[in-house]
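Okay, structure first, notes after.
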Amino acid sequence: MRYELMLPHQLRQAIDENWPVALPLGVLEYHGEHLGLGMDTLAVIKMLELIEAERNIVILPPFYYGAASYAVEPPERNGSLQIGGDRLTPFAEALFMSLLRVGFRNIHVFIHHQSENFAAGMPTDLAFKSAARQAIFAFLERERGEGWWGKSGMADYYAQHESGDDPFNWIKAHPLMTPEITAQYPFDHAGIGETSLMLALCPEAADMSRLDVARWYTASAKDASAELGRKGRDLILAHMRAVLG
């Protein structure tokens with residue numbers, strides 16, 4: 001269910017039943033001449049739409065304005081938008097604090113952009129990960145007061161932590177494609193992998209007649225297909241089902 005379309009009674013049901021709340025996080029970035037600028041974000045959105053058809057989930061309005069960087073091409077007449085991580089963190093912290101105050105405790109952020117080494121992180125996901133921790137600390141102090149962790153009621157904190165049932169699991173961030181997925185499906189930038197995903201998930205964001213194979217990172221896209229994209233789709237679906245429970 002889309003957050004912006006929810007009525008208050010539906011919102012309260014989602015809170016009471018602890019539905020997953022998903023934020024599609026991404027960028028607007030040049031992806032060659034043949035792919036839409038929002039490819040990274042569109043891939044997350046379209047996958048969440050498939051999950052939405054299977055189970056109860058709240059999908060937040062997507063956030064496109066991450067740190068695209070100008071590493072691929074300069075922005076002039078190419079379209080990449082770069083918002084630095086230092087600007088993203090305050091926004092993300094305020095967003096997460098608001099979601100916690102609304103009542104959500106099962107929040108998930110999915111990102112595809114620059115997620116090939118998710119453990120180390122890149123500016124966009126690092127900003128949102130840091131903001132999530134800061135928001136949780138601030139929320140707990142607001143609700144429970146300073147010294148909340150040291151109170152006797154938290155004596156089983158480490159047991160809760162081991163079981164996954166602690167406040168710092170209220171907000172989790174995930175790459176759209178895990179290392180297990182990329183071992184079976186190509187991870188690239190505007191190449192065969194991303195192009196195939198768009199052909200399968202969002203064909204209106206791909207125009208193969210515009211493909212320019214002179215750029216090294218797009219050359220493999222000539223072999224892209226919707227069939228290959230559906231393989232990637234199915235691998236990602238399995239991953240999303242697992243992390244959403």
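Chain identifiers are assigned as A, B, and so on, following the order in which chains appear in the structure tokens; residues are numbered from 1 within each chain, and ligands are numbered from 1 in order of appearance.
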**Request:** Could you give me, as an NGL selection string, the residues within 8 Å of range 49-65 of chain A, counting only C-alpha atoms and dropping anything in the same chain fewer than 6 positions from it?
**Result:** :A and (1-4 or 14 or 19-28 or 38 or 41 or 81-83 or 237 or 240-241)
**Item:** Shell of 9 Å around Phe118 in chain A, only C-alpha atoms, local chain residues under 4 positions omitted, as a list in words
**Value:**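 Using only C-alpha atoms, the neighbours found are Gln114, Met122, Asp125, His174, Pro175 and Thr178 of chain A.
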Within range 62-243 of chain A, find each residue whose DSSP state, derived from the backbone, is strand (DSSP E), and express the selection as a PDB file with N, CA, C and O atoms, in the first residue's frame.
ATOM      1  N   ILE A 107      11.092  -0.743   9.499  1.00  0.00           N
ATOM      2  CA  ILE A 107      11.407   0.148   8.382  1.00  0.00           C
ATOM      3  C   ILE A 107      12.599  -0.410   7.598  1.00  0.00           C
ATOM      4  O   ILE A 107      13.612  -0.791   8.187  1.00  0.00           O
ATOM      5  N   HIS A 108      12.474  -0.429   6.281  1.00  0.00           N
ATOM      6  CA  HIS A 108      13.514  -0.972   5.405  1.00  0.00           C
ATOM      7  C   HIS A 108      13.837   0.023   4.293  1.00  0.00           C
ATOM      8  O   HIS A 108      12.929   0.563   3.662  1.00  0.00           O
ATOM      9  N   VAL A 109      15.116   0.230   4.074  1.00  0.00           N
ATOM     10  CA  VAL A 109      15.589   1.071   2.979  1.00  0.00           C
ATOM     11  C   VAL A 109      16.259   0.167   1.949  1.00  0.00           C
ATOM     12  O   VAL A 109      17.136  -0.637   2.297  1.00  0.00           O
ATOM     13  N   PHE A 110      15.853   0.279   0.694  1.00  0.00           N
ATOM     14  CA  PHE A 110      16.458  -0.499  -0.384  1.00  0.00           C
ATOM     15  C   PHE A 110      17.140   0.457  -1.366  1.00  0.00           C
ATOM     16  O   PHE A 110      16.550   1.457  -1.789  1.00  0.00           O
ATOM     17  N   ILE A 111      18.374   0.115  -1.723  1.00  0.00           N
ATOM     18  CA  ILE A 111      19.142   0.960  -2.647  1.00  0.00           C
ATOM     19  C   ILE A 111      19.897   0.070  -3.629  1.00  0.00           C
ATOM     20  O   ILE A 111      20.359  -1.026  -3.274  1.00  0.00           O
ATOM     21  N   ILE A 171      15.124   0.033  11.967  1.00  0.00           N
ATOM     22  CA  ILE A 171      15.423   0.579  10.637  1.00  0.00           C
ATOM     23  C   ILE A 171      16.601  -0.194  10.067  1.00  0.00           C
ATOM     24  O   ILE A 171      17.675  -0.244  10.673  1.00  0.00           O
ATOM     25  N   LYS A 172      16.405  -0.806   8.912  1.00  0.00           N
ATOM     26  CA  LYS A 172      17.460  -1.585   8.267  1.00  0.00           C
ATOM     27  C   LYS A 172      17.634  -1.113   6.826  1.00  0.00           C
ATOM     28  O   LYS A 172      16.664  -0.732   6.167  1.00  0.00           O
ATOM     29  N   ALA A 173      18.866  -1.179   6.355  1.00  0.00           N
ATOM     30  CA  ALA A 173      19.163  -0.824   4.963  1.00  0.00           C
ATOM     31  C   ALA A 173      19.666  -2.054   4.230  1.00  0.00           C
ATOM     32  O   ALA A 173      20.425  -2.858   4.795  1.00  0.00           O
ATOM     33  N   HIS A 174      19.255  -2.187   2.978  1.00  0.00           N
ATOM     34  CA  HIS A 174      19.594  -3.374   2.184  1.00  0.00           C
ATOM     35  C   HIS A 174      20.019  -2.960   0.769  1.00  0.00           C
ATOM     36  O   HIS A 174      19.403  -2.066   0.168  1.00  0.00           O
ATOM     37  N   PRO A 175      21.007  -3.643   0.203  1.00  0.00           N
ATOM     38  CA  PRO A 175      21.260  -3.468  -1.228  1.00  0.00           C
ATOM     39  C   PRO A 175      20.186  -4.212  -2.013  1.00  0.00           C
ATOM     40  O   PRO A 175      19.696  -5.253  -1.562  1.00  0.00           O
TER      41      PRO A 175
END
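Take the candidates A:Leu42, A:Ala132, A:Ile181, A:Leu35 and check each one against His113 in chain A using only C-alpha atoms; the shortest distance goes to A:Leu42.
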**Message:** Using only C-alpha atoms for the distances, tell me which of A:Ala43, A:Ala135, A:Leu88, A:Leu7 is nearest to Arg233 in chain A.
**Reply:**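 Answer, going by the shortest atom-to-atom distance: A:Ala43.
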**Request:** Check range 2-243 of chain A with DSSP on the backbone and list each residue it calls helix (DSSP H, G or I), as a VMD selection string.
**Result:** chain A and resid 3 to 5 8 to 16 39 to 52 85 to 102 123 to 144 152 to 154 157 to 163 167 to 169 179 to 182 192 to 201 203 to 205 208 to 210 219 to 223 226 to 243
Using C-alpha atoms, can you write the selected residues to a file as a compact mmCIF listing (two decimals), in the first residue's frame?
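So selection-v8.txt came out as:
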# COMPACT_ATOMS: atom_id res chain seq x y z
CA TYR A 3 1.83 5.66 2.11
CA GLU A 4 0.43 8.73 0.38
CA LEU A 5 -2.83 6.91 -0.41
CA PRO A 8 -5.76 6.82 8.93
CA HIS A 9 -7.44 3.52 9.80
CA GLN A 10 -5.21 1.74 7.26
CA LEU A 11 -2.15 3.40 8.73
CA ARG A 12 -3.11 2.23 12.22
CA GLN A 13 -3.66 -1.32 10.97
CA ALA A 14 -0.18 -1.30 9.42
CA ILE A 15 1.32 -0.11 12.72
CA ASP A 16 -0.60 -2.61 14.84
CA MET A 39 17.22 3.63 -13.51
CA ASP A 40 18.71 2.89 -10.08
CA THR A 41 15.61 4.08 -8.27
CA LEU A 42 13.13 2.66 -10.76
CA ALA A 43 14.59 -0.82 -10.28
CA VAL A 44 13.84 -0.61 -6.54
CA ILE A 45 10.36 0.82 -7.07
CA LYS A 46 9.36 -1.83 -9.59
CA MET A 47 10.62 -4.64 -7.38
CA LEU A 48 8.67 -3.30 -4.40
CA GLU A 49 5.56 -3.15 -6.56
CA LEU A 50 5.94 -6.88 -7.15
CA ILE A 51 6.29 -7.46 -3.40
CA GLU A 52 3.22 -5.27 -2.83
CA GLY A 85 25.99 13.00 1.83
CA ASP A 86 26.35 15.84 4.34
CA ARG A 87 23.09 17.27 3.01
CA LEU A 88 21.33 13.90 2.97
CA THR A 89 21.98 12.92 6.59
CA PRO A 90 19.89 15.67 8.26
CA PHE A 91 16.99 14.98 5.91
CA ALA A 92 17.16 11.23 6.49
CA GLU A 93 17.39 11.64 10.27
CA ALA A 94 14.30 13.86 10.29
CA LEU A 95 12.45 11.40 8.06
CA PHE A 96 13.30 8.41 10.25
CA MET A 97 12.39 10.28 13.43
CA SER A 98 9.01 11.11 11.92
CA LEU A 99 8.39 7.51 10.90
CA LEU A 100 9.26 6.30 14.40
CA ARG A 101 6.96 8.87 15.96
CA VAL A 102 4.12 7.77 13.65
CA PRO A 123 27.79 8.33 0.25
CA THR A 124 24.03 7.82 -0.17
CA ASP A 125 23.62 4.60 1.79
CA LEU A 126 26.14 5.70 4.43
CA ALA A 127 24.19 8.93 5.00
CA PHE A 128 20.94 7.02 5.50
CA LYS A 129 22.56 4.32 7.67
CA SER A 130 24.11 6.93 9.95
CA ALA A 131 20.85 8.88 10.08
CA ALA A 132 18.95 5.75 11.07
CA ARG A 133 21.20 5.17 14.08
CA GLN A 134 21.07 8.80 15.13
CA ALA A 135 17.27 8.89 14.80
CA ILE A 136 16.86 5.74 16.90
CA PHE A 137 19.11 7.08 19.65
CA ALA A 138 17.26 10.40 19.65
CA PHE A 139 13.86 8.71 19.66
CA LEU A 140 14.75 6.39 22.54
CA GLU A 141 16.03 9.27 24.66
CA ARG A 142 12.88 11.25 23.83
CA GLU A 143 10.58 8.37 24.78
CA ARG A 144 12.50 6.70 27.61
CA SER A 152 17.04 -2.61 34.95
CA GLY A 153 14.45 -3.24 32.26
CA MET A 154 17.27 -3.46 29.71
CA TYR A 157 19.44 -6.19 25.95
CA TYR A 158 22.19 -8.45 24.62
CA ALA A 159 19.83 -11.40 24.45
CA GLN A 160 17.40 -9.21 22.50
CA HIS A 161 20.25 -8.13 20.26
CA GLU A 162 21.17 -11.73 19.48
CA SER A 163 17.55 -12.59 18.67
CA PRO A 167 15.45 -1.12 18.82
CA PHE A 168 18.38 -0.89 16.45
CA ASN A 169 16.59 -3.30 14.14
CA PRO A 179 26.81 -10.60 -3.34
CA GLU A 180 24.95 -13.90 -3.71
CA ILE A 181 22.82 -12.34 -6.46
CA THR A 182 25.73 -10.69 -8.26
CA ILE A 192 23.89 -5.88 -19.79
CA GLY A 193 22.70 -6.29 -16.19
CA GLU A 194 20.99 -2.97 -15.60
CA THR A 195 19.68 -2.76 -19.14
CA SER A 196 18.14 -6.23 -18.90
CA LEU A 197 16.51 -5.28 -15.58
CA MET A 198 14.89 -2.25 -17.19
CA LEU A 199 13.73 -4.27 -20.18
CA ALA A 200 12.02 -6.68 -17.77
CA LEU A 201 10.77 -4.25 -15.12
CA PRO A 203 10.67 -1.08 -20.59
CA GLU A 204 9.51 2.51 -21.02
CA ALA A 205 12.85 3.55 -19.44
CA MET A 208 17.85 0.11 -27.38
CA SER A 209 17.88 2.11 -30.60
CA ARG A 210 19.77 4.80 -28.66
CA ALA A 219 29.16 -1.90 -24.49
CA SER A 220 27.80 -5.11 -22.94
CA ALA A 221 24.23 -3.77 -23.10
CA LYS A 222 24.03 -4.90 -26.72
CA ASP A 223 23.44 -8.40 -25.34
CA ALA A 226 14.12 -9.05 -20.94
CA GLU A 227 14.65 -12.77 -20.37
CA LEU A 228 17.93 -12.12 -18.55
CA GLY A 229 16.25 -9.29 -16.66
CA ARG A 230 13.58 -11.67 -15.42
CA LYS A 231 16.32 -13.88 -13.98
CA GLY A 232 17.61 -10.88 -12.03
CA ARG A 233 14.06 -10.01 -10.99
CA ASP A 234 13.48 -13.48 -9.54
CA LEU A 235 16.77 -13.43 -7.61
CA ILE A 236 15.96 -10.02 -6.15
CA LEU A 237 12.43 -11.09 -5.26
CA ALA A 238 13.78 -14.00 -3.23
CA HIS A 239 16.16 -11.65 -1.41
CA MET A 240 13.41 -9.14 -0.64
CA ARG A 241 11.03 -11.81 0.62
CA ALA A 242 13.74 -13.05 2.97
CA VAL A 243 14.64 -9.67 4.50
